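Have a look at entry_0.txt below; it lists compact mmCIF, C-alpha atoms.
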# COMPACT_ATOMS: atom_id res chain seq x y z
CA MET A 244 2.49 -32.98 33.59
CA GLN A 245 0.61 -30.44 31.50
CA ILE A 246 -1.86 -28.14 33.21
CA VAL A 247 -4.64 -26.81 30.99
CA GLY A 248 -7.80 -24.80 31.53
CA ASN A 249 -11.42 -25.87 31.74
CA ALA A 250 -13.81 -25.95 28.81
CA GLN A 251 -16.83 -23.81 27.99
CA GLY A 252 -19.49 -23.95 30.70
CA SER A 253 -16.97 -22.92 33.35
CA ALA A 254 -17.71 -20.81 36.40
CA PHE A 255 -16.11 -17.88 34.62
CA ALA A 256 -18.48 -18.19 31.66
CA GLU A 257 -21.38 -17.93 34.07
CA ARG A 258 -19.92 -14.81 35.70
CA ALA A 259 -19.19 -13.15 32.37
CA GLY A 260 -22.72 -13.68 31.10
CA GLU A 261 -24.11 -13.58 27.58
CA LYS A 262 -23.35 -9.88 27.01
CA PHE A 263 -19.60 -10.35 27.29
CA GLY A 264 -19.54 -13.91 25.99
CA GLN A 265 -19.16 -12.75 22.40
CA THR A 266 -16.62 -10.68 20.51
CA THR A 267 -17.26 -7.25 19.11
CA ASP A 268 -18.44 -7.01 15.49
CA GLN A 269 -15.16 -5.57 14.18
CA LEU A 270 -11.97 -7.15 15.50
CA GLU A 271 -8.89 -4.96 15.83
CA THR A 272 -5.95 -7.23 16.63
CA LEU A 273 -4.62 -10.34 14.93
CA GLN A 274 -2.18 -11.95 17.34
CA ILE A 275 0.07 -14.64 15.94
CA ASN A 276 2.30 -16.96 17.93
CA VAL A 277 5.14 -17.62 15.48
CA GLY A 278 6.69 -20.44 17.51
CA LEU A 279 7.54 -21.80 20.93
CA LYS A 280 11.32 -21.97 20.56
CA CYS A 281 12.96 -19.52 22.98
CA ASN A 282 16.38 -18.86 24.44
CA LEU A 283 14.81 -18.62 27.92
CA SER A 284 12.62 -20.88 30.06
CA CYS A 285 10.87 -18.32 32.26
CA LYS A 286 9.04 -19.62 35.32
CA HIS A 287 5.89 -17.65 34.54
CA CYS A 288 5.65 -18.75 30.88
CA HIS A 289 2.13 -20.00 30.17
CA VAL A 290 3.06 -21.47 26.75
CA GLN A 291 6.10 -23.30 28.16
CA ALA A 292 8.44 -21.87 25.55
CA GLY A 293 12.11 -22.84 25.73
CA PRO A 294 15.26 -23.92 23.89
CA THR A 295 14.01 -27.48 23.28
CA ARG A 296 10.72 -26.51 21.63
CA THR A 297 10.59 -26.95 17.86
CA GLU A 298 7.15 -25.54 16.91
CA SER A 299 7.56 -22.78 14.31
CA MET A 300 5.12 -20.96 12.03
CA GLY A 301 5.82 -21.39 8.33
CA ARG A 302 5.57 -18.73 5.66
CA GLU A 303 2.32 -20.19 4.30
CA VAL A 304 0.54 -19.55 7.62
CA MET A 305 2.09 -16.09 7.87
CA GLN A 306 0.87 -15.22 4.37
CA ALA A 307 -2.64 -16.37 5.28
CA CYS A 308 -2.50 -14.10 8.35
CA LEU A 309 -1.52 -11.14 6.18
CA ASP A 310 -4.31 -11.97 3.73
CA VAL A 311 -6.83 -12.00 6.57
CA ILE A 312 -5.56 -8.65 7.83
CA ASP A 313 -6.09 -7.21 4.36
CA ALA A 314 -9.54 -8.75 3.93
CA TYR A 315 -11.08 -8.06 7.30
CA GLY A 316 -9.58 -4.71 8.26
CA PHE A 317 -7.53 -5.67 11.29
CA THR A 318 -5.54 -2.64 12.45
CA THR A 319 -2.89 -4.33 14.63
CA LEU A 320 -0.58 -7.29 14.09
CA ASP A 321 0.69 -8.59 17.44
CA ILE A 322 3.64 -10.98 17.06
CA THR A 323 4.51 -13.24 19.97
CA GLY A 324 6.24 -16.53 20.80
CA GLY A 325 8.54 -18.02 22.26
CA ALA A 326 11.18 -15.66 21.07
CA PRO A 327 9.80 -14.47 17.71
CA GLU A 328 13.34 -13.76 16.54
CA MET A 329 14.06 -17.50 16.46
CA ASN A 330 11.51 -18.03 13.69
CA PRO A 331 13.48 -18.10 10.40
CA HIS A 332 10.71 -16.23 8.54
CA LEU A 333 10.31 -13.32 10.97
CA GLU A 334 12.30 -10.84 8.90
CA TRP A 335 10.17 -11.64 5.84
CA LEU A 336 7.00 -11.17 7.90
CA LEU A 337 8.12 -7.77 9.20
CA VAL A 338 9.00 -6.51 5.73
CA GLU A 339 5.62 -7.65 4.39
CA ALA A 340 3.68 -6.21 7.33
CA ALA A 341 5.47 -2.86 7.03
CA GLN A 342 3.90 -2.40 3.61
CA ARG A 343 0.47 -2.23 5.23
CA ASP A 344 -1.15 0.66 7.09
CA ILE A 345 -1.30 -1.23 10.38
CA THR A 346 0.37 -1.16 13.78
CA VAL A 347 2.96 -3.91 14.09
CA MET A 348 3.97 -4.87 17.61
CA LEU A 349 6.34 -7.59 18.73
CA ARG A 350 6.88 -9.19 22.12
CA CYS A 351 10.60 -9.48 22.85
CA ASN A 352 12.45 -10.94 25.84
CA LEU A 353 15.37 -8.51 25.19
CA VAL A 354 18.06 -11.09 26.01
CA ILE A 355 17.69 -12.68 22.57
CA LEU A 356 18.95 -9.47 20.95
CA SER A 357 22.27 -9.79 22.81
CA PHE A 358 23.18 -12.83 20.71
CA PRO A 359 25.16 -11.90 17.56
CA GLU A 360 22.92 -13.85 15.20
CA TYR A 361 19.84 -11.92 16.38
CA ALA A 362 21.35 -8.51 17.16
CA HIS A 363 20.35 -7.04 13.77
CA PHE A 364 16.66 -7.26 14.69
CA ALA A 365 16.93 -4.14 16.88
CA GLU A 366 17.77 -1.99 13.85
CA LEU A 367 15.19 -3.84 11.75
CA TYR A 368 12.48 -3.07 14.28
CA ALA A 369 13.43 0.60 14.29
CA ARG A 370 13.57 0.78 10.49
CA HIS A 371 10.04 -0.56 10.15
CA GLY A 372 8.53 1.27 13.12
CA VAL A 373 7.74 -1.91 15.04
CA GLN A 374 6.34 -1.32 18.52
CA ILE A 375 8.31 -3.38 21.03
CA VAL A 376 6.69 -4.96 24.07
CA ALA A 377 9.68 -6.02 26.13
CA SER A 378 9.59 -8.44 29.04
CA LEU A 379 11.40 -7.26 32.16
CA PRO A 380 9.72 -9.08 35.07
CA HIS A 381 11.17 -6.62 37.60
CA TYR A 382 13.53 -3.66 37.76
CA VAL A 383 15.51 -5.32 40.57
CA GLN A 384 18.03 -7.84 39.25
CA LYS A 385 17.40 -10.47 41.94
CA ASN A 386 13.65 -10.43 41.39
CA SER A 387 13.94 -10.47 37.61
CA GLU A 388 16.42 -13.34 37.49
CA ALA A 389 14.33 -15.37 39.92
CA GLN A 390 11.84 -15.68 37.08
CA ARG A 391 14.09 -15.67 34.01
CA GLY A 392 17.31 -17.30 35.18
CA SER A 393 20.75 -16.18 36.30
CA GLY A 394 22.62 -13.87 33.97
CA THR A 395 19.55 -12.57 32.14
CA TYR A 396 19.25 -9.14 33.75
CA ALA A 397 22.40 -7.37 32.53
CA PRO A 398 21.91 -8.28 28.84
CA GLY A 399 18.32 -7.06 29.04
CA ILE A 400 19.43 -3.72 30.46
CA GLU A 401 22.07 -3.34 27.74
CA ILE A 402 19.50 -4.02 25.03
CA LEU A 403 17.10 -1.47 26.52
CA GLN A 404 19.92 1.09 26.34
CA LYS A 405 20.55 0.13 22.72
CA LEU A 406 16.87 0.51 21.88
CA ASN A 407 16.91 3.95 23.47
CA SER A 408 19.89 4.87 21.28
CA LEU A 409 17.81 3.87 18.22
CA GLY A 410 15.01 6.24 19.24
CA TYR A 411 12.80 3.90 21.23
CA GLY A 412 11.09 5.02 24.42
CA GLU A 413 11.36 8.78 23.92
CA GLY A 414 7.63 9.33 24.29
CA ASP A 415 6.93 10.64 20.81
CA GLY A 416 8.62 8.24 18.42
CA LEU A 417 9.31 4.53 18.39
CA VAL A 418 7.20 2.85 21.05
CA LEU A 419 8.87 0.78 23.75
CA ASN A 420 6.60 -0.78 26.39
CA LEU A 421 7.77 -3.00 29.24
CA VAL A 422 6.01 -5.94 30.87
CA TYR A 423 5.96 -6.72 34.58
CA ASN A 424 5.00 -10.17 35.86
CA PRO A 425 4.49 -10.89 39.58
CA GLY A 426 7.17 -13.07 41.11
CA GLY A 427 4.67 -15.50 42.57
CA ALA A 428 1.05 -16.44 43.12
CA PHE A 429 -0.27 -12.93 43.76
CA LEU A 430 -1.89 -10.13 41.80
CA PRO A 431 0.10 -7.20 40.46
CA SER A 432 -0.02 -4.03 42.50
CA SER A 433 -1.16 -0.77 40.90
CA GLN A 434 0.04 -0.60 37.30
CA ASP A 435 0.39 3.17 37.51
CA GLN A 436 2.49 2.93 40.65
CA LEU A 437 4.63 0.16 39.18
CA GLU A 438 5.20 2.25 36.05
CA ARG A 439 6.41 5.20 38.14
CA GLU A 440 8.76 2.92 40.08
CA TYR A 441 10.13 1.29 36.91
CA LYS A 442 10.70 4.63 35.21
CA LYS A 443 12.49 6.14 38.18
CA ARG A 444 14.71 3.15 38.92
CA LEU A 445 15.64 2.43 35.31
CA HIS A 446 16.29 6.09 34.53
CA ASP A 447 18.28 6.82 37.68
CA GLN A 448 20.41 3.68 37.51
CA PHE A 449 20.80 3.12 33.79
CA GLY A 450 19.51 6.20 31.93
CA ILE A 451 16.76 4.08 30.38
CA GLY A 452 13.43 5.47 29.22
CA PHE A 453 10.31 3.70 28.00
CA ASP A 454 6.71 4.57 27.17
CA ASN A 455 4.35 2.39 29.20
CA LEU A 456 4.42 -0.50 31.64
CA PHE A 457 2.02 -3.42 31.27
CA ALA A 458 1.32 -5.33 34.50
CA ILE A 459 0.22 -8.83 33.53
CA THR A 460 -1.20 -11.30 36.02
CA ASN A 461 0.43 -14.73 35.95
CA ASN A 462 -2.06 -17.14 34.42
CA PRO A 463 -2.44 -20.57 36.09
CA LEU A 464 -1.38 -22.40 32.93
CA GLY A 465 1.76 -24.00 31.56
CA ARG A 466 5.02 -23.79 33.45
CA PHE A 467 3.65 -21.48 36.14
CA ALA A 468 0.74 -23.84 36.85
CA GLU A 469 3.07 -26.82 37.05
CA ALA A 470 5.24 -25.04 39.61
CA LEU A 471 2.20 -24.23 41.73
CA ALA A 472 0.90 -27.79 41.42
CA ALA A 473 4.24 -29.13 42.62
CA LYS A 474 3.89 -26.94 45.73
CA GLY A 475 0.26 -27.90 46.25
CA THR A 476 -0.91 -24.29 45.82
CA LEU A 477 -2.46 -24.33 42.34
CA GLN A 478 -6.07 -24.52 43.51
CA ALA A 479 -5.45 -21.84 46.15
CA TYR A 480 -4.19 -19.49 43.44
CA ARG A 481 -7.15 -20.26 41.20
CA ASP A 482 -9.46 -19.54 44.13
CA LYS A 483 -7.66 -16.25 44.78
CA LEU A 484 -8.20 -15.14 41.19
CA ALA A 485 -11.88 -16.07 41.29
CA ALA A 486 -12.38 -14.24 44.58
CA ALA A 487 -10.83 -11.10 43.06
CA PHE A 488 -13.19 -11.11 40.06
CA ASN A 489 -13.98 -7.53 38.98
CA PRO A 490 -16.97 -7.10 36.62
CA ALA A 491 -15.56 -3.73 35.49
CA THR A 492 -12.83 -5.60 33.60
CA LEU A 493 -15.24 -7.51 31.35
CA PRO A 494 -15.78 -4.91 28.59
CA ALA A 495 -12.04 -4.63 27.84
CA MET A 496 -11.15 -8.32 27.84
CA MET A 497 -8.65 -8.77 24.99
CA CYS A 498 -10.52 -11.81 23.65
CA ARG A 499 -13.43 -9.56 22.69
CA ASN A 500 -11.60 -7.70 19.92
CA GLN A 501 -8.87 -10.04 18.71
CA LEU A 502 -8.16 -13.32 17.01
CA SER A 503 -5.16 -15.42 18.06
CA VAL A 504 -3.39 -17.82 15.68
CA ASP A 505 -0.97 -20.62 16.53
CA HIS A 506 1.99 -21.80 14.45
CA GLU A 507 -0.18 -24.23 12.46
CA GLY A 508 -2.92 -21.71 11.72
CA LEU A 509 -5.52 -22.87 14.26
CA CYS A 510 -7.47 -19.97 15.76
CA TYR A 511 -8.05 -19.14 19.42
CA ASP A 512 -9.67 -16.34 21.39
CA CYS A 513 -6.34 -15.43 23.01
CA ASP A 514 -2.80 -16.66 23.64
CA PHE A 515 -3.85 -18.06 27.03
CA ASN A 516 -6.42 -20.26 25.30
CA GLN A 517 -3.64 -21.52 23.07
CA ALA A 518 -1.82 -22.65 26.21
CA ALA A 519 -5.06 -24.17 27.55
CA GLN A 520 -5.61 -26.01 24.24
CA GLN A 521 -9.03 -24.37 23.83
CA PRO A 522 -9.51 -23.34 20.18
CA CYS A 523 -12.29 -21.02 19.08
CA LEU A 524 -15.66 -22.70 19.41
CA ASP A 525 -16.30 -22.50 15.67
CA GLY A 526 -13.14 -24.53 14.98
CA ARG A 527 -11.99 -22.27 12.16
CA THR A 528 -8.39 -21.90 11.05
CA ILE A 529 -6.76 -18.83 9.56
CA PHE A 530 -7.10 -20.56 6.18
CA ASP A 531 -10.85 -20.80 6.70
CA TYR A 532 -11.02 -17.05 7.28
CA ARG A 533 -8.89 -16.40 4.21
CA ASP A 534 -10.92 -18.72 1.99
CA ALA A 535 -14.21 -17.22 3.20
CA ALA A 536 -12.92 -13.78 2.27
CA LEU A 537 -11.89 -14.96 -1.18
CA ALA A 538 -15.27 -16.58 -1.73
CA ALA A 539 -17.01 -13.34 -0.77
CA ALA A 540 -14.89 -11.17 -3.05
CA SER A 541 -17.92 -10.28 -5.16
CA GLY A 542 -20.39 -10.12 -2.30
CA ASP A 543 -20.73 -9.35 1.38
CA MET A 544 -17.84 -10.25 3.68
CA PRO A 545 -18.67 -12.84 6.34
CA GLY A 546 -18.85 -11.47 9.86
CA LEU A 547 -16.13 -11.97 12.46
CA ARG A 548 -18.34 -11.98 15.54
CA ARG A 549 -18.07 -15.25 17.49
CA ARG A 550 -18.78 -16.77 20.89
CA ILE A 551 -15.77 -16.86 23.21
CA ASN A 552 -14.48 -20.17 24.56
CA PHE A 553 -14.10 -19.29 28.23
CA GLY A 554 -12.35 -21.39 30.88
CA ASP A 555 -11.74 -20.80 34.56
CA HIS A 556 -8.19 -19.63 33.78
CA CYS A 557 -9.94 -16.53 32.40
CA PHE A 558 -10.36 -15.28 35.98
CA ALA A 559 -6.70 -14.21 35.69
CA CYS A 560 -7.74 -11.61 33.11
CA CYS A 561 -10.58 -10.24 35.26
CA ALA A 562 -9.08 -10.23 38.75
CA GLY A 563 -8.38 -6.94 40.46
CA SER A 564 -7.53 -4.28 37.87
CA GLY A 565 -7.71 -6.84 35.10
CA SER A 566 -4.98 -8.15 32.87
CA SER A 567 -4.40 -8.51 29.16
CA CYS A 568 -1.47 -8.55 26.76
CA GLY A 569 -1.73 -4.77 27.08
CA GLY A 570 -1.76 -4.69 30.86
CA ALA A 571 -4.54 -3.59 33.21
CA THR A 572 -8.02 -3.33 31.73
CA ALA A 573 -9.91 -1.44 34.47
CA GLY A 574 -9.28 1.98 35.97
CA GLU A 575 -7.55 2.13 39.33
As structure tokens, please, write out the structure in this file.
Amino acid sequence: MQIVGNAQGSAFAERAGEKFGQTTDQLETLQINVGLKCNLSCKHCHVQAGPTRTESMGREVMQACLDVIDAYGFTTLDITGGAPEMNPHLEWLLVEAAQRDITVMLRCNLVILSFPEYAHFAELYARHGVQIVASLPHYVQKNSEAQRGSGTYAPGIEILQKLNSLGYGEGDGLVLNLVYNPGGAFLPSSQDQLEREYKKRLHDQFGIGFDNLFAITNNPLGRFAEALAAKGTLQAYRDKLAAAFNPATLPAMMCRNQLSVDHEGLCYDCDFNQAAQQPCLDGRTIFDYRDAALAAASGDMPGLRRRINFGDHCFACCAGSGSSCGGATAGE
């Protein structure tokens, strides 16, 4: 069973209103999902990544993404998956992206870097100044492995120590951010408080340092939604998110200043909409953006502003302190 979100015209779209139903004029982040193959099958994974998935972004799509960054002035390339390291073209993409004056960030599950065939990526990330957003669902082993599987905690800790040895997480150099996901159908507690707890526990027990913690609300999509549906609690969780709607989170919704691209080049407002199978309302692909830029080489560039394809799963991004790929979106 595949659980997806609702289409435009949802209750969330009504709550967001016309003002926040469109993107900003200048988009900042191009987020690309380079594939759904992953060494883990985390319980909270909204895209249902795992070892049996075969979807993988080819070099042609990656090149089109780079062309669009050049043409439209995106300032951040956000690489996600699956485990991005399992895409055979990732190293090429990182080398190409490093030649541009942009921020390159990559979402890593840490455990993948403990495998010999992927271990070299840690040094590659450091060499090219890649910002790492590392998933560590909890600082307590039992809680973390409840989401990610037995035997996943220790390798993750060892990789964090290795990243520290390469200069990551020192506060003024290579950026290392961690991601917390709730262990069930509840909202994250205070991101600031969680960050203090993570930093103290990881430093005291393992000598690990990092820059920031992102607390991300579990979205009722994909594998997490299926688990809730099996328990008969999916609608209750959706209702909880809607009841916790916070209008103060609307201005900083990540969909307002980014474009998300799947492995085939189809465009979405965010990675959650990829999981919900809700493409951008204009139906454009990354190739359409690239071709429009080429056609306008001697004239005005076409605008990037677009209407956002909301669904009721979007309440997860606007509940409580808000949630995005960069953590909380409203002050606490």
Problem set entry | Given only C-alpha atoms as the counted atoms, nearest of A:Thr346, A:Asn282, A:Ser564, A:Gln390 to Val418 of chain A |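 Checking each of A:Thr346, A:Asn282, A:Ser564, A:Gln390 against Val418 of chain A, counting only C-alpha atoms, the winner is A:Thr346.
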Exercise. Neighbours of Ile355 of chain A within 9 Å (all atoms listed in the file; same-chain residues fewer than 5 positions away dropped), as JSON, numbers by chain?
Worked result: {"A": [281, 282, 283, 326, 328, 329, 361, 362, 398, 399]}
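With all atoms listed in the file as the basis for measurement, A:Lys286 is the residue among A:Thr295, A:Ile275, A:Gln521, A:Lys286 that approaches Ala470 of chain A most closely.
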Exercise. Neighbours of Asn500 of chain A within 7 Å (all atoms listed in the file; same-chain residues fewer than 5 positions away dropped), as a PyMOL selection string?
Worked result: chain A and resi 266-267+270-272
Problem set entry | Shortest interatomic distance to Asp531 of chain A - which of A:Leu509, A:Leu417, A:Leu409, A:Glu388, counting all atoms listed in the file |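 Using all atoms listed in the file, Asp531 of chain A sits closest to A:Leu509.
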Problem set entry | Pick from A:Leu484, A:Cys523, A:Ala314, A:Leu477, whichever lies nearest to Cys557 of chain A using only C-alpha atoms |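 Among the listed residues, A:Leu484 lies closest to Cys557 of chain A.
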Exercise. Which residue out of A:Gly508, A:Gly465, A:Gly569, A:Pro425 has the minimum interatomic distance to Met348 of chain A when all atoms listed in the file are used?
Worked result: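 Among A:Gly508, A:Gly465, A:Gly569, A:Pro425, it is A:Gly569 that comes nearest to Met348 of chain A.
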For this session: Using all atoms listed in the file, determine which residues lie at most 8 Å from Asn330 of chain A, disregarding the query and same-chain residues fewer than 3 positions distant; provide the list as an MDAnalysis selection string.
Result: chainID A and resid 277:278 280 299:300 326:327 333
Problem set entry | Between atom CA of Ala292 of chain A and atom CA of Gly324 of chain A - distance in Å to one decimal |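 Calculated distance between atom CA of Gly324 of chain A and atom CA of Ala292 of chain A is 7.5 Å.
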Problem set entry | Gap from atom CA of Glu334 of chain A to atom CA of Asp321 of chain A - Å, one decimal |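 Those two atoms sit 14.6 Å apart.
For the atom pair formed by atom CA of Gly301 of chain A and atom CA of Glu507 of chain A, the distance is 7.8 Å, given to one decimal.
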Exercise. What's the 8 Å shell around Asn386 of chain A, counting only C-alpha atoms, without same-chain residues fewer than 5 positions away, as a ChimeraX atom specification?
Worked result: /A:380-381,426
Problem set entry | Nearest to Ala259 of chain A by atom-to-atom distance, counting all atoms listed in the file, from A:Asn489, A:Thr319, A:Ser566, A:Ser503 |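 When distances to Ala259 of chain A are compared using all atoms listed in the file, the smallest one comes from A:Asn489.
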For this session: Skip Ala562 of chain A itself and residues of its chain fewer than 4 positions away, then list as a PyMOL selection string all residues within 12 Å of it, counting all atoms listed in the file.
Result: chain A and resi 255+429-432+459-462+480-493+496+555-558+566-567+571-573
Those residues you just picked out, can you put them in a file as a PDB file, keeping the file's coordinate frame with C-alpha atoms?
ATOM      1  CA  PHE A 255     -16.110 -17.880  34.620  1.00  0.00           C
ATOM      2  CA  PHE A 429      -0.270 -12.930  43.760  1.00  0.00           C
ATOM      3  CA  LEU A 430      -1.890 -10.130  41.800  1.00  0.00           C
ATOM      4  CA  PRO A 431       0.100  -7.200  40.460  1.00  0.00           C
ATOM      5  CA  SER A 432      -0.020  -4.030  42.500  1.00  0.00           C
ATOM      6  CA  ILE A 459       0.220  -8.830  33.530  1.00  0.00           C
ATOM      7  CA  THR A 460      -1.200 -11.300  36.020  1.00  0.00           C
ATOM      8  CA  ASN A 461       0.430 -14.730  35.950  1.00  0.00           C
ATOM      9  CA  ASN A 462      -2.060 -17.140  34.420  1.00  0.00           C
ATOM     10  CA  TYR A 480      -4.190 -19.490  43.440  1.00  0.00           C
ATOM     11  CA  ARG A 481      -7.150 -20.260  41.200  1.00  0.00           C
ATOM     12  CA  ASP A 482      -9.460 -19.540  44.130  1.00  0.00           C
ATOM     13  CA  LYS A 483      -7.660 -16.250  44.780  1.00  0.00           C
ATOM     14  CA  LEU A 484      -8.200 -15.140  41.190  1.00  0.00           C
ATOM     15  CA  ALA A 485     -11.880 -16.070  41.290  1.00  0.00           C
ATOM     16  CA  ALA A 486     -12.380 -14.240  44.580  1.00  0.00           C
ATOM     17  CA  ALA A 487     -10.830 -11.100  43.060  1.00  0.00           C
ATOM     18  CA  PHE A 488     -13.190 -11.110  40.060  1.00  0.00           C
ATOM     19  CA  ASN A 489     -13.980  -7.530  38.980  1.00  0.00           C
ATOM     20  CA  PRO A 490     -16.970  -7.100  36.620  1.00  0.00           C
ATOM     21  CA  ALA A 491     -15.560  -3.730  35.490  1.00  0.00           C
ATOM     22  CA  THR A 492     -12.830  -5.600  33.600  1.00  0.00           C
ATOM     23  CA  LEU A 493     -15.240  -7.510  31.350  1.00  0.00           C
ATOM     24  CA  MET A 496     -11.150  -8.320  27.840  1.00  0.00           C
ATOM     25  CA  ASP A 555     -11.740 -20.800  34.560  1.00  0.00           C
ATOM     26  CA  HIS A 556      -8.190 -19.630  33.780  1.00  0.00           C
ATOM     27  CA  CYS A 557      -9.940 -16.530  32.400  1.00  0.00           C
ATOM     28  CA  PHE A 558     -10.360 -15.280  35.980  1.00  0.00           C
ATOM     29  CA  SER A 566      -4.980  -8.150  32.870  1.00  0.00           C
ATOM     30  CA  SER A 567      -4.400  -8.510  29.160  1.00  0.00           C
ATOM     31  CA  ALA A 571      -4.540  -3.590  33.210  1.00  0.00           C
ATOM     32  CA  THR A 572      -8.020  -3.330  31.730  1.00  0.00           C
ATOM     33  CA  ALA A 573      -9.910  -1.440  34.470  1.00  0.00           C
TER      34      ALA A 573
END
If I wrap all listed atoms of segment 374-388 of chain A in a box with edges along x, y and z and add 3 Å on each side, what are its centre and edge lengths in Å to one decimal, as JSON?
{"center_x": 12.2, "center_y": -7.3, "center_z": 30.2, "size_x": 17.7, "size_y": 18.0, "size_z": 29.4}
